[in-house]
>>> print(open('query.cif').read())   # mmCIF, C-alpha atoms
data_work
#
loop_
_atom_site.label_atom_id
_atom_site.label_comp_id
_atom_site.auth_asym_id
_atom_site.auth_seq_id
_atom_site.Cartn_x
_atom_site.Cartn_y
_atom_site.Cartn_z
CA MET P 1 35.28 72.89 114.97
CA ALA P 2 38.11 73.63 112.52
CA THR P 3 37.82 76.72 110.33
CA GLU P 4 38.10 76.53 106.55
CA LEU P 5 41.67 77.85 106.74
CA GLU P 6 42.68 75.31 109.40
CA GLU P 7 41.32 72.53 107.20
CA LEU P 8 43.29 73.89 104.24
CA LEU P 9 46.52 73.96 106.27
CA GLY P 10 45.81 70.37 107.34
CA PHE P 11 45.84 69.32 103.70
CA LEU P 12 49.49 70.49 103.42
CA SER P 13 50.47 67.25 105.16
CA SER P 14 48.09 65.04 103.16
CA PRO P 15 49.57 61.71 102.03
CA SER P 16 47.90 62.30 98.64
CA PRO P 17 50.30 64.22 96.30
CA PRO P 18 47.49 65.86 94.22
CA ILE P 19 45.70 67.11 97.36
CA LYS P 20 48.97 68.39 98.87
CA LYS P 21 49.85 70.15 95.60
CA ALA P 22 46.41 71.80 95.34
CA ALA P 23 46.55 72.91 99.00
CA VAL P 24 50.00 74.49 98.78
CA ASN P 25 49.03 76.41 95.65
CA ILE P 26 45.95 77.80 97.39
CA VAL P 27 48.02 78.77 100.46
CA ARG P 28 50.59 80.45 98.20
CA ASP P 29 47.81 82.45 96.52
CA TYR P 30 46.45 83.42 99.96
CA THR P 31 49.82 84.99 100.86
CA GLY P 32 49.65 87.19 97.77
CA SER P 33 47.12 89.53 99.39
CA GLU P 34 47.22 91.60 102.56
CA ASP P 35 43.99 90.05 103.89
CA GLY P 36 45.28 86.55 103.17
CA LEU P 37 48.56 87.28 104.97
CA LYS P 38 46.64 88.60 107.97
CA SER P 39 44.41 85.51 108.09
CA LEU P 40 47.32 83.09 107.74
CA GLY P 41 49.29 85.02 110.36
CA LYS P 42 46.78 83.87 112.99
CA TYR P 43 47.71 80.27 112.19
CA SER P 44 51.47 80.82 111.76
CA SER P 45 52.29 78.13 114.34
CA VAL P 46 50.69 75.60 111.97
CA ALA P 47 51.34 77.22 108.56
CA VAL P 48 55.09 77.84 108.94
CA PRO P 49 56.15 74.32 110.04
CA SER P 50 53.84 72.72 107.45
CA LEU P 51 55.24 74.85 104.62
CA SER P 52 58.81 74.30 105.86
CA LEU P 53 58.44 70.53 105.56
CA LEU P 54 57.38 70.94 101.93
CA LEU P 55 60.69 72.62 101.00
CA ALA P 56 62.24 69.16 100.72
CA GLU P 57 59.58 67.92 98.24
CA LYS P 58 59.62 67.99 94.42
CA LYS P 59 59.62 71.40 92.73
CA GLU P 60 55.88 71.37 91.95
CA VAL P 61 55.28 71.45 95.74
CA SER P 62 58.47 73.04 97.13
CA GLU P 63 58.27 76.09 94.82
CA PRO P 64 54.80 77.33 95.90
CA ALA P 65 55.73 76.51 99.53
CA ALA P 66 58.87 78.66 99.24
CA GLU P 67 56.90 81.45 97.53
CA ALA P 68 54.38 81.40 100.40
CA LEU P 69 57.17 81.60 103.00
CA VAL P 70 58.84 84.50 101.13
CA ASN P 71 55.52 86.38 101.17
CA LEU P 72 54.88 85.59 104.85
CA SER P 73 58.40 86.71 105.81
CA GLN P 74 57.72 90.23 104.52
CA ASP P 75 55.70 90.81 107.70
CA PRO P 76 58.23 91.58 110.50
CA ASP P 77 56.13 89.87 113.21
CA LEU P 78 55.72 86.71 111.13
CA SER P 79 59.39 86.86 110.17
CA ALA P 80 60.38 86.98 113.86
CA LYS P 81 58.18 83.93 114.57
CA MET P 82 59.73 82.07 111.64
CA ILE P 83 63.23 82.76 112.96
CA GLU P 84 62.16 81.60 116.43
CA MET P 85 60.95 78.33 114.86
CA GLY P 86 64.42 77.70 113.38
CA MET P 87 63.66 78.81 109.82
CA ILE P 88 67.26 79.90 109.06
CA LYS P 89 68.58 76.36 109.65
CA THR P 90 65.69 74.86 107.66
CA VAL P 91 66.43 77.14 104.70
CA MET P 92 70.18 76.54 104.79
CA ASP P 93 69.65 72.76 104.95
CA ALA P 94 67.27 72.91 101.96
CA LEU P 95 69.56 75.27 100.04
CA TYR P 96 72.53 72.93 100.21
CA LYS P 97 70.55 69.75 99.66
CA GLN P 98 71.65 67.99 96.47
CA ASP P 99 69.75 69.11 93.35
CA CYS P 100 67.99 72.03 95.07
CA ASP P 101 65.90 73.69 92.36
CA ILE P 102 64.37 76.55 94.38
CA THR P 103 67.68 78.27 95.21
CA HIS P 104 66.55 81.74 94.12
CA LEU P 105 63.48 81.66 96.39
CA LEU P 106 65.35 80.30 99.41
CA VAL P 107 67.95 83.06 99.10
CA MET P 108 65.16 85.66 98.86
CA LEU P 109 63.67 84.19 102.04
CA LEU P 110 67.02 84.68 103.80
CA VAL P 111 67.08 88.31 102.61
CA ASN P 112 63.74 88.93 104.34
CA LEU P 113 64.71 87.06 107.51
CA THR P 114 67.96 89.05 107.85
CA GLN P 115 66.06 92.34 107.87
CA LEU P 116 65.70 91.62 111.61
CA ASP P 117 68.56 91.56 114.14
CA VAL P 118 67.48 88.12 115.37
CA GLY P 119 67.65 86.84 111.81
CA ILE P 120 71.18 88.20 111.39
CA GLU P 121 72.24 86.58 114.67
CA SER P 122 70.74 83.28 113.58
CA LEU P 123 72.48 83.36 110.18
CA LEU P 124 75.79 84.29 111.83
CA GLN P 125 75.23 81.35 114.21
CA HIS P 126 75.75 83.72 117.13
CA GLY P 127 76.88 82.01 120.31
CA ASP P 128 77.86 78.77 118.55
CA GLU P 129 81.67 78.81 118.71
CA LYS P 130 82.05 75.68 116.62
CA SER P 131 79.83 76.74 113.71
CA HIS P 132 80.05 80.55 113.94
CA GLY P 133 80.21 82.04 110.43
CA LEU P 134 79.83 78.71 108.61
CA TYR P 135 76.54 79.66 106.92
CA ILE P 136 78.03 82.96 105.71
CA MET P 137 81.12 81.23 104.34
CA LYS P 138 78.87 78.84 102.39
CA LEU P 139 76.76 81.69 101.00
CA VAL P 140 79.81 83.76 100.00
CA ARG P 141 81.35 80.75 98.26
CA SER P 142 78.12 80.15 96.31
CA PHE P 143 77.75 83.89 95.56
CA CYS P 144 81.25 84.05 94.10
CA ALA P 145 80.92 80.82 92.11
CA SER P 146 77.50 81.23 90.53
CA THR P 147 77.78 84.26 88.23
CA SER P 148 78.17 82.34 84.98
CA GLU P 149 75.31 79.90 85.43
CA GLN P 150 73.06 79.59 82.40
CA ASN P 151 69.83 79.43 84.41
CA GLY P 152 70.05 83.04 85.58
CA ASP P 153 71.88 83.98 88.74
CA PRO P 154 70.26 82.02 91.60
CA PHE P 155 72.59 83.39 94.30
CA GLU P 156 72.53 87.08 93.25
CA HIS P 157 70.34 88.06 96.24
CA VAL P 158 73.16 86.97 98.57
CA ALA P 159 74.39 90.52 97.83
CA SER P 160 71.44 91.87 99.84
CA ILE P 161 72.05 89.38 102.66
CA LEU P 162 75.66 90.65 102.91
CA VAL P 163 74.43 94.23 103.16
CA ASN P 164 72.04 93.18 105.94
CA ILE P 165 74.60 91.30 108.02
CA SER P 166 77.26 94.00 107.59
CA LYS P 167 74.95 96.50 109.29
CA LYS P 168 75.82 94.70 112.53
CA GLU P 169 79.27 94.86 114.13
CA GLU P 170 79.43 91.07 114.50
CA GLY P 171 78.75 90.66 110.79
CA ARG P 172 81.39 93.22 109.82
CA LYS P 173 84.00 91.54 112.02
CA LEU P 174 83.28 88.19 110.40
CA LEU P 175 83.63 89.61 106.87
CA LEU P 176 86.84 91.45 107.81
CA ASP P 177 88.52 88.46 109.47
CA PRO P 178 91.71 88.06 107.37
CA LYS P 179 91.90 84.32 108.10
CA ARG P 180 88.54 83.78 106.39
CA GLY P 181 89.22 86.25 103.55
CA LEU P 182 85.51 86.80 102.88
CA LEU P 183 85.56 90.51 102.02
CA LYS P 184 88.33 89.96 99.48
CA GLN P 185 86.16 87.37 97.70
CA ILE P 186 83.10 89.63 97.87
CA ILE P 187 84.88 92.72 96.50
CA ARG P 188 85.94 90.85 93.40
CA GLN P 189 82.26 90.48 92.51
CA PHE P 190 82.03 94.25 92.00
CA ASP P 191 83.02 93.68 88.36
CA SER P 192 79.85 91.65 87.83
CA PRO P 193 77.49 93.04 85.15
CA GLY P 194 74.49 92.37 87.44
CA PRO P 195 73.25 95.62 89.05
CA LEU P 196 71.99 93.81 92.17
CA ARG P 197 75.40 92.22 92.77
CA LYS P 198 77.23 95.49 92.13
CA LYS P 199 75.05 97.51 94.49
CA GLY P 200 75.15 94.82 97.18
CA VAL P 201 78.94 94.56 97.05
CA SER P 202 79.26 98.34 97.17
CA GLY P 203 76.90 98.59 100.16
CA THR P 204 78.75 95.79 101.97
CA ILE P 205 82.14 97.49 101.48
CA ARG P 206 80.69 100.76 102.76
CA ASN P 207 79.28 99.08 105.86
CA CYS P 208 82.58 97.29 106.56
CA CYS P 209 84.40 100.63 106.39
CA PHE P 210 82.55 101.67 109.57
CA GLU P 211 85.12 99.41 111.26
CA ALA P 212 88.01 101.48 109.82
CA GLU P 213 88.99 102.88 113.21
CA ASN P 214 89.72 99.40 114.61
CA GLN P 215 90.20 97.31 111.46
CA LEU P 216 92.02 99.62 109.06
CA GLN P 217 94.93 97.20 108.63
CA ASN P 218 92.59 94.38 107.62
CA LEU P 219 90.92 96.68 105.08
CA LEU P 220 94.25 97.85 103.65
CA LEU P 221 95.47 94.24 103.39
CA ILE P 222 93.11 93.92 100.41
CA SER P 223 93.83 97.39 98.99
CA GLU P 224 94.64 96.04 95.51
CA PHE P 225 90.95 95.08 95.25
CA LEU P 226 89.50 97.72 97.59
CA TRP P 227 90.77 100.89 95.89
CA PRO P 228 89.61 99.96 92.36
CA ALA P 229 86.15 99.01 93.71
CA LEU P 230 85.89 102.37 95.50
CA LEU P 231 87.64 104.70 93.04
CA LEU P 232 86.60 103.47 89.58
CA PRO P 233 82.89 104.28 90.17
CA VAL P 234 83.78 107.88 91.08
CA ALA P 235 86.59 108.47 88.57
CA GLY P 236 84.39 110.12 85.94
CA ASN P 237 84.54 109.17 82.26
CA LYS P 238 87.76 110.86 81.11
CA ILE P 239 90.81 108.92 79.96
CA TYR P 240 93.54 109.84 82.44
CA SER P 241 96.95 111.14 81.36
CA GLU P 242 100.12 109.11 81.79
CA GLN P 243 101.25 111.72 84.30
CA ASP P 244 98.24 110.85 86.50
CA THR P 245 98.26 107.07 86.02
CA SER P 246 102.02 106.77 86.67
CA LYS P 247 101.29 107.68 90.31
CA MET P 248 98.68 104.91 90.66
CA PRO P 249 98.99 101.16 91.22
CA LEU P 250 98.77 99.13 88.02
CA GLU P 251 95.21 97.85 88.66
CA LEU P 252 93.92 101.45 88.87
CA GLY P 253 96.18 103.14 86.32
CA SER P 254 95.54 100.61 83.55
CA ALA P 255 91.75 100.82 84.02
CA LEU P 256 91.77 104.64 83.92
CA SER P 257 94.04 104.96 80.87
CA ILE P 258 91.43 103.44 78.51
CA GLU P 259 87.76 103.98 77.67
CA ARG P 260 85.53 102.29 80.24
CA GLU P 261 81.91 101.84 81.25
CA THR P 262 80.91 104.33 83.91
CA VAL P 263 78.80 103.44 86.95
CA THR P 264 75.44 105.04 86.22
CA ASP P 265 73.77 104.28 89.57
CA PRO P 266 74.25 107.36 91.80
CA GLU P 267 73.62 105.27 94.93
CA ILE P 268 76.73 103.18 94.20
CA ARG P 269 78.80 106.36 93.71
CA VAL P 270 77.58 107.73 97.05
CA GLN P 271 78.34 104.40 98.78
CA ALA P 272 81.87 104.42 97.34
CA LEU P 273 82.48 107.99 98.50
CA ASP P 274 81.05 107.25 101.96
CA ALA P 275 83.48 104.32 102.26
CA ILE P 276 86.40 106.50 101.15
CA TYR P 277 85.37 109.13 103.71
CA LEU P 278 85.40 106.54 106.51
CA LEU P 279 88.85 105.34 105.43
CA VAL P 280 90.46 108.79 105.11
CA LEU P 281 89.14 109.79 108.54
CA GLN P 282 92.05 107.66 109.77
CA GLU P 283 95.55 109.04 109.31
CA ALA P 284 96.90 105.78 107.87
CA GLY P 285 93.85 105.65 105.60
CA ARG P 286 94.64 109.15 104.28
CA ARG P 287 98.26 108.16 103.61
CA ALA P 288 97.10 105.06 101.71
CA PHE P 289 94.64 107.19 99.71
CA TRP P 290 97.32 109.68 98.72
CA SER P 291 99.65 106.83 97.76
CA VAL P 292 97.23 105.68 95.01
CA ASN P 293 96.70 109.25 93.74
CA GLY P 294 93.15 109.11 95.09
CA PRO P 295 92.72 112.89 95.46
CA ARG P 296 93.42 113.41 91.74
CA ILE P 297 90.82 110.77 90.84
CA LEU P 298 88.20 112.52 92.99
CA GLN P 299 89.09 115.87 91.44
CA VAL P 300 88.54 114.55 87.90
CA GLY P 301 85.41 112.61 88.90
CA TYR P 302 83.88 115.64 90.59
CA GLU P 303 84.27 117.69 87.40
CA ASP P 304 82.07 115.15 85.54
CA GLU P 305 79.48 114.72 88.32
CA GLU P 306 76.00 116.23 87.94
CA ASN P 307 74.02 114.55 90.73
CA PRO P 308 73.73 116.93 93.76
CA GLN P 309 73.82 114.14 96.38
CA VAL P 310 76.91 112.58 94.83
CA MET P 311 78.58 116.00 94.58
CA GLU P 312 77.90 116.51 98.28
CA ALA P 313 79.57 113.15 99.02
CA TYR P 314 82.65 114.20 96.99
CA GLU P 315 82.81 117.43 98.96
CA ARG P 316 82.68 115.59 102.31
CA VAL P 317 85.78 113.63 101.34
CA GLY P 318 87.43 116.71 99.88
CA SER P 319 87.05 118.59 103.16
CA LEU P 320 89.27 115.97 104.84
CA LEU P 321 91.98 116.14 102.19
CA ILE P 322 92.61 119.89 101.96
CA HIS P 323 96.14 120.79 103.14
CA GLU P 324 96.87 117.16 104.05
CA ASP P 325 100.61 116.44 104.07
CA GLY P 326 101.40 120.00 103.08
CA ALA P 327 99.53 119.66 99.79
CA SER P 328 95.93 120.27 98.86
CA THR P 329 93.27 118.99 96.58
CA GLN P 330 89.98 120.69 95.96
CA VAL P 331 86.64 119.23 95.00
CA SER P 332 84.39 122.18 95.53
#
>>> encode(input="query.cif", output="C-alpha cells")
Amino acid sequence: MATELEELLGFLSSPSPPIKKAAVNIVRDYTGSEDGLKSLGKYSSVAVPSLSLLLAEKKEVSEPAAEALVNLSQDPDLSAKMIEMGMIKTVMDALYKQDCDITHLLVMLLVNLTQLDVGIESLLQHGDEKSHGLYIMKLVRSFCASTSEQNGDPFEHVASILVNISKKEEGRKLLLDPKRGLLKQIIRQFDSPGPLRKKGVSGTIRNCCFEAENQLQNLLLISEFLWPALLLPVAGNKIYSEQDTSKMPLELGSALSIERETVTDPEIRVQALDAIYLLVLQEAGRRAFWSVNGPRILQVGYEDEENPQVMEAYERVGSLLIHEDGASTQVS
C-alpha cells in the first residue's frame, strides 16, 4: 500500500492542473525542512524525475519544482543521484528553452550540482568530444550578456559555477583555451558592481593561475585585462604619481591616477594576491609583473592594508620579488 508521501509524489503527474499545482507546492514546502528532505530522499527515484518534468511547465508549477530541486541538491548524496539521472542536461535544456522564467533558480541548481566532481564532469560534457565545453560556453555568454537586465541579474550565480569548475584541471584548461577565449570574457566582468560576480570572477582567475606553470603564455595573452583585475584590488586608495603611472600600461596607469572605489572585500584581495603569487613563481611571470610596475603597486597597497590575512598574502608575493633582476621591492 502506498504511503502518504508516495501518493503525494504521484499527484505531481496528475492531468489536473490545480491538483498538480497543489502537490508541487506541498513537495516544495517539504524540502524546506531537514526531516522533509530526509523523507523525500527515500523516494528520490520518483521525486527527482517527477519534479524535473515540471520544469517545462508554466511558472506557477515550474518555480516551486525548481525550488524543491535546489533544496534537494544541497544534500550531496541526493545531488549525486540527480546527476546520475541526467539532471545537468535537463537543467541546461530548460534554461535555454524560449521564454524561460526560472533562470535564477536553474542556475542555482547548477551551482549545487557542480559542488561534486561528477557534476563538474557532466557540465563540462567530459568524454563527449563533439560537445565538450558547449554548456560552459553558453553559460559564459549568458553571464557576460545579462548584467544590465532590469529584472535583477538572473545569471549572476554563474560566477559560482565558474569557481567550481575551475577547481578541476579539465575546467581550467577549457577556460584557458585561447581559441575559445572564455577567461578573457569572464575577466571583463570583474568591473561589475555585483559583489557575487566580482568575487566569482576573482576566484576563477585565482584557480586558473594554478595552471601558470604550463599555461603562462595563455594567461599573459590576456594581460591587458588580467593585470588590472589582479592589481587594482590591491593597489590601496592613494592616487599614484605620474612617475609611477608612466611605468605602467595605460589601462592600469589611468585607473590609478584618479580617485577610485576600493575593493572592500578582503577575500577578493587575498584571491588577487594568491593569483599574482602563482604567476610570479614563474620567471616569465615575474618579468611580466615587473614590466607593469607591479612591485610598486604592491608596495603602496601594503602601506594601506590593515587586514592581517591580506598583509600575509602581500608578504608571500614580496618574498619572491626581493632582489629580482638586481633590484628589490619590500612589502614587509
>>> residues_around(input="query.cif", residues="segment 272-287 of chain P", least_positions_apart="3", cutoff="6 Å", atoms="only C-alpha atoms", output="ChimeraX atom specification")
/P:206,209,212,230,269,290,313,317
>>> resolve_selection(input="query.cif", expression="the PyMOL selection byres ((chain P and resi 9) around 8)", output="MDAnalysis selection string")
chainID P and resid 5:8 10:13 23 27 46:47 50
>>> write_last_selection(input="query.cif", atoms="C-alpha atoms", output="PDB file, in the coordinates of the input")
ATOM      1  CA  LEU P   5      41.670  77.850 106.740  1.00  0.00           C
ATOM      2  CA  GLU P   6      42.680  75.310 109.400  1.00  0.00           C
ATOM      3  CA  GLU P   7      41.320  72.530 107.200  1.00  0.00           C
ATOM      4  CA  LEU P   8      43.290  73.890 104.240  1.00  0.00           C
ATOM      5  CA  GLY P  10      45.810  70.370 107.340  1.00  0.00           C
ATOM      6  CA  PHE P  11      45.840  69.320 103.700  1.00  0.00           C
ATOM      7  CA  LEU P  12      49.490  70.490 103.420  1.00  0.00           C
ATOM      8  CA  SER P  13      50.470  67.250 105.160  1.00  0.00           C
ATOM      9  CA  ALA P  23      46.550  72.910  99.000  1.00  0.00           C
ATOM     10  CA  VAL P  27      48.020  78.770 100.460  1.00  0.00           C
ATOM     11  CA  VAL P  46      50.690  75.600 111.970  1.00  0.00           C
ATOM     12  CA  ALA P  47      51.340  77.220 108.560  1.00  0.00           C
ATOM     13  CA  SER P  50      53.840  72.720 107.450  1.00  0.00           C
TER      14      SER P  50
END
>>> resolve_selection(input="query.cif", expression="the PyMOL selection byres ((chain P and resi 92) around 10)", output="ChimeraX atom specification")
/P:87-91,93-97,106-107,110,123,135,138-139
>>> closest_residue(input="query.cif", among="P:Val263, P:Ile186, P:Met248, P:Ile136", to="Ser291 of chain P", atoms="only C-alpha atoms")
P:Met248
>>> residues_near_point(input="query.cif", point="(49.1, 84.5, 100.3)", cutoff="12 Å", atoms="only C-alpha atoms", output="MDAnalysis selection string")
chainID P and resid 5 23:41 47 64:75
>>> atom_distance(input="query.cif", atom1="atom CA of Ser246 of chain P", atom2="atom CA of Tyr314 of chain P")
23.2 Å
>>> resolve_selection(input="query.cif", expression="the PyMOL selection byres ((chain P and resi 125) around 12)", output="MDAnalysis selection string")
chainID P and resid 86 88:89 92 118:124 126:137 165 170:171 174
>>> closest_residue(input="query.cif", among="P:Asp177, P:Glu259, P:Glu315, P:Asp265", to="Gln299 of chain P", atoms="only C-alpha atoms")
P:Glu315
>>> closest_residue(input="query.cif", among="P:Leu298, P:Ile83, P:Ile205, P:Ile187", to="Leu232 of chain P", atoms="only C-alpha atoms")
P:Leu298
>>> atom_distance(input="query.cif", atom1="atom CA of Thr3 of chain P", atom2="atom CA of Lys21 of chain P")
20.1 Å
>>> residues_around(input="query.cif", residues="Arg188 of chain P", least_positions_apart="6", cutoff="9 Å", atoms="only C-alpha atoms", output="MDAnalysis selection string")
chainID P and resid 144 201 225:226 229
>>> closest_residue(input="query.cif", among="P:Glu261, P:Glu57, P:Glu84, P:Asp77", to="Asp191 of chain P", atoms="all atoms listed in the file")
P:Glu261
>>> axis_aligned_box(input="query.cif", around="segment 189-207 of chain P", padding_each_side="5 Å", output="AutoDock Vina command-line options")
--center_x 77.5 --center_y 95.6 --center_z 95.5 --size_x 21.0 --size_y 20.3 --size_z 30.7
>>> decode(input="query.cif", residues="segment 16-74 of chain P", atoms="C-alpha atoms", output="PDB file, in the first residue's frame")
ATOM      1  CA  SER P  16      -5.467  18.141 -13.380  1.00  0.00           C
ATOM      2  CA  PRO P  17      -3.524  21.475 -13.249  1.00  0.00           C
ATOM      3  CA  PRO P  18      -4.933  22.547  -9.824  1.00  0.00           C
ATOM      4  CA  ILE P  19      -4.022  19.178  -8.238  1.00  0.00           C
ATOM      5  CA  LYS P  20      -0.542  19.246  -9.807  1.00  0.00           C
ATOM      6  CA  LYS P  21      -0.001  22.829  -8.605  1.00  0.00           C
ATOM      7  CA  ALA P  22      -1.121  21.989  -5.041  1.00  0.00           C
ATOM      8  CA  ALA P  23       1.093  18.869  -4.966  1.00  0.00           C
ATOM      9  CA  VAL P  24       4.256  20.624  -6.153  1.00  0.00           C
ATOM     10  CA  ASN P  25       3.793  23.396  -3.595  1.00  0.00           C
ATOM     11  CA  ILE P  26       3.475  20.838  -0.795  1.00  0.00           C
ATOM     12  CA  VAL P  27       6.578  18.971  -2.036  1.00  0.00           C
ATOM     13  CA  ARG P  28       8.493  22.268  -2.201  1.00  0.00           C
ATOM     14  CA  ASP P  29       7.499  23.035   1.401  1.00  0.00           C
ATOM     15  CA  TYR P  30       8.596  19.523   2.428  1.00  0.00           C
ATOM     16  CA  THR P  31      12.117  20.218   1.102  1.00  0.00           C
ATOM     17  CA  GLY P  32      12.364  23.301   3.307  1.00  0.00           C
ATOM     18  CA  SER P  33      12.990  21.204   6.434  1.00  0.00           C
ATOM     19  CA  GLU P  34      15.654  18.660   7.298  1.00  0.00           C
ATOM     20  CA  ASP P  35      13.074  15.987   8.170  1.00  0.00           C
ATOM     21  CA  GLY P  36      11.207  16.605   4.920  1.00  0.00           C
ATOM     22  CA  LEU P  37      14.435  16.325   2.901  1.00  0.00           C
ATOM     23  CA  LYS P  38      15.260  13.054   4.646  1.00  0.00           C
ATOM     24  CA  SER P  39      11.791  11.641   3.939  1.00  0.00           C
ATOM     25  CA  LEU P  40      11.822  12.705   0.289  1.00  0.00           C
ATOM     26  CA  GLY P  41      15.355  11.351  -0.114  1.00  0.00           C
ATOM     27  CA  LYS P  42      13.970   7.828   0.328  1.00  0.00           C
ATOM     28  CA  TYR P  43      11.786   8.378  -2.738  1.00  0.00           C
ATOM     29  CA  SER P  44      14.353  10.281  -4.833  1.00  0.00           C
ATOM     30  CA  SER P  45      13.993   7.847  -7.743  1.00  0.00           C
ATOM     31  CA  VAL P  46      10.365   9.023  -8.058  1.00  0.00           C
ATOM     32  CA  ALA P  47      10.612  12.617  -6.767  1.00  0.00           C
ATOM     33  CA  VAL P  48      13.521  13.802  -8.946  1.00  0.00           C
ATOM     34  CA  PRO P  49      12.190  12.677 -12.361  1.00  0.00           C
ATOM     35  CA  SER P  50       8.676  13.916 -11.492  1.00  0.00           C
ATOM     36  CA  LEU P  51       9.951  17.350 -10.448  1.00  0.00           C
ATOM     37  CA  SER P  52      12.275  17.509 -13.478  1.00  0.00           C
ATOM     38  CA  LEU P  53       9.344  17.072 -15.862  1.00  0.00           C
ATOM     39  CA  LEU P  54       7.606  20.045 -14.236  1.00  0.00           C
ATOM     40  CA  LEU P  55      10.484  22.408 -15.132  1.00  0.00           C
ATOM     41  CA  ALA P  56       8.978  22.735 -18.607  1.00  0.00           C
ATOM     42  CA  GLU P  57       5.538  23.801 -17.261  1.00  0.00           C
ATOM     43  CA  LYS P  58       4.179  27.309 -16.594  1.00  0.00           C
ATOM     44  CA  LYS P  59       5.895  29.358 -13.878  1.00  0.00           C
ATOM     45  CA  GLU P  60       3.243  28.635 -11.226  1.00  0.00           C
ATOM     46  CA  VAL P  61       4.330  24.965 -11.395  1.00  0.00           C
ATOM     47  CA  SER P  62       7.936  25.152 -12.665  1.00  0.00           C
ATOM     48  CA  GLU P  63       9.036  27.634  -9.973  1.00  0.00           C
ATOM     49  CA  PRO P  64       8.128  25.509  -6.908  1.00  0.00           C
ATOM     50  CA  ALA P  65       9.501  22.427  -8.744  1.00  0.00           C
ATOM     51  CA  ALA P  66      12.824  24.216  -9.296  1.00  0.00           C
ATOM     52  CA  GLU P  67      12.873  25.434  -5.672  1.00  0.00           C
ATOM     53  CA  ALA P  68      12.329  21.851  -4.479  1.00  0.00           C
ATOM     54  CA  LEU P  69      15.184  20.575  -6.671  1.00  0.00           C
ATOM     55  CA  VAL P  70      17.518  23.348  -5.431  1.00  0.00           C
ATOM     56  CA  ASN P  71      16.747  22.322  -1.842  1.00  0.00           C
ATOM     57  CA  LEU P  72      17.181  18.597  -2.584  1.00  0.00           C
ATOM     58  CA  SER P  73      20.510  19.233  -4.343  1.00  0.00           C
ATOM     59  CA  GLN P  74      22.006  20.678  -1.155  1.00  0.00           C
TER      60      GLN P  74
END
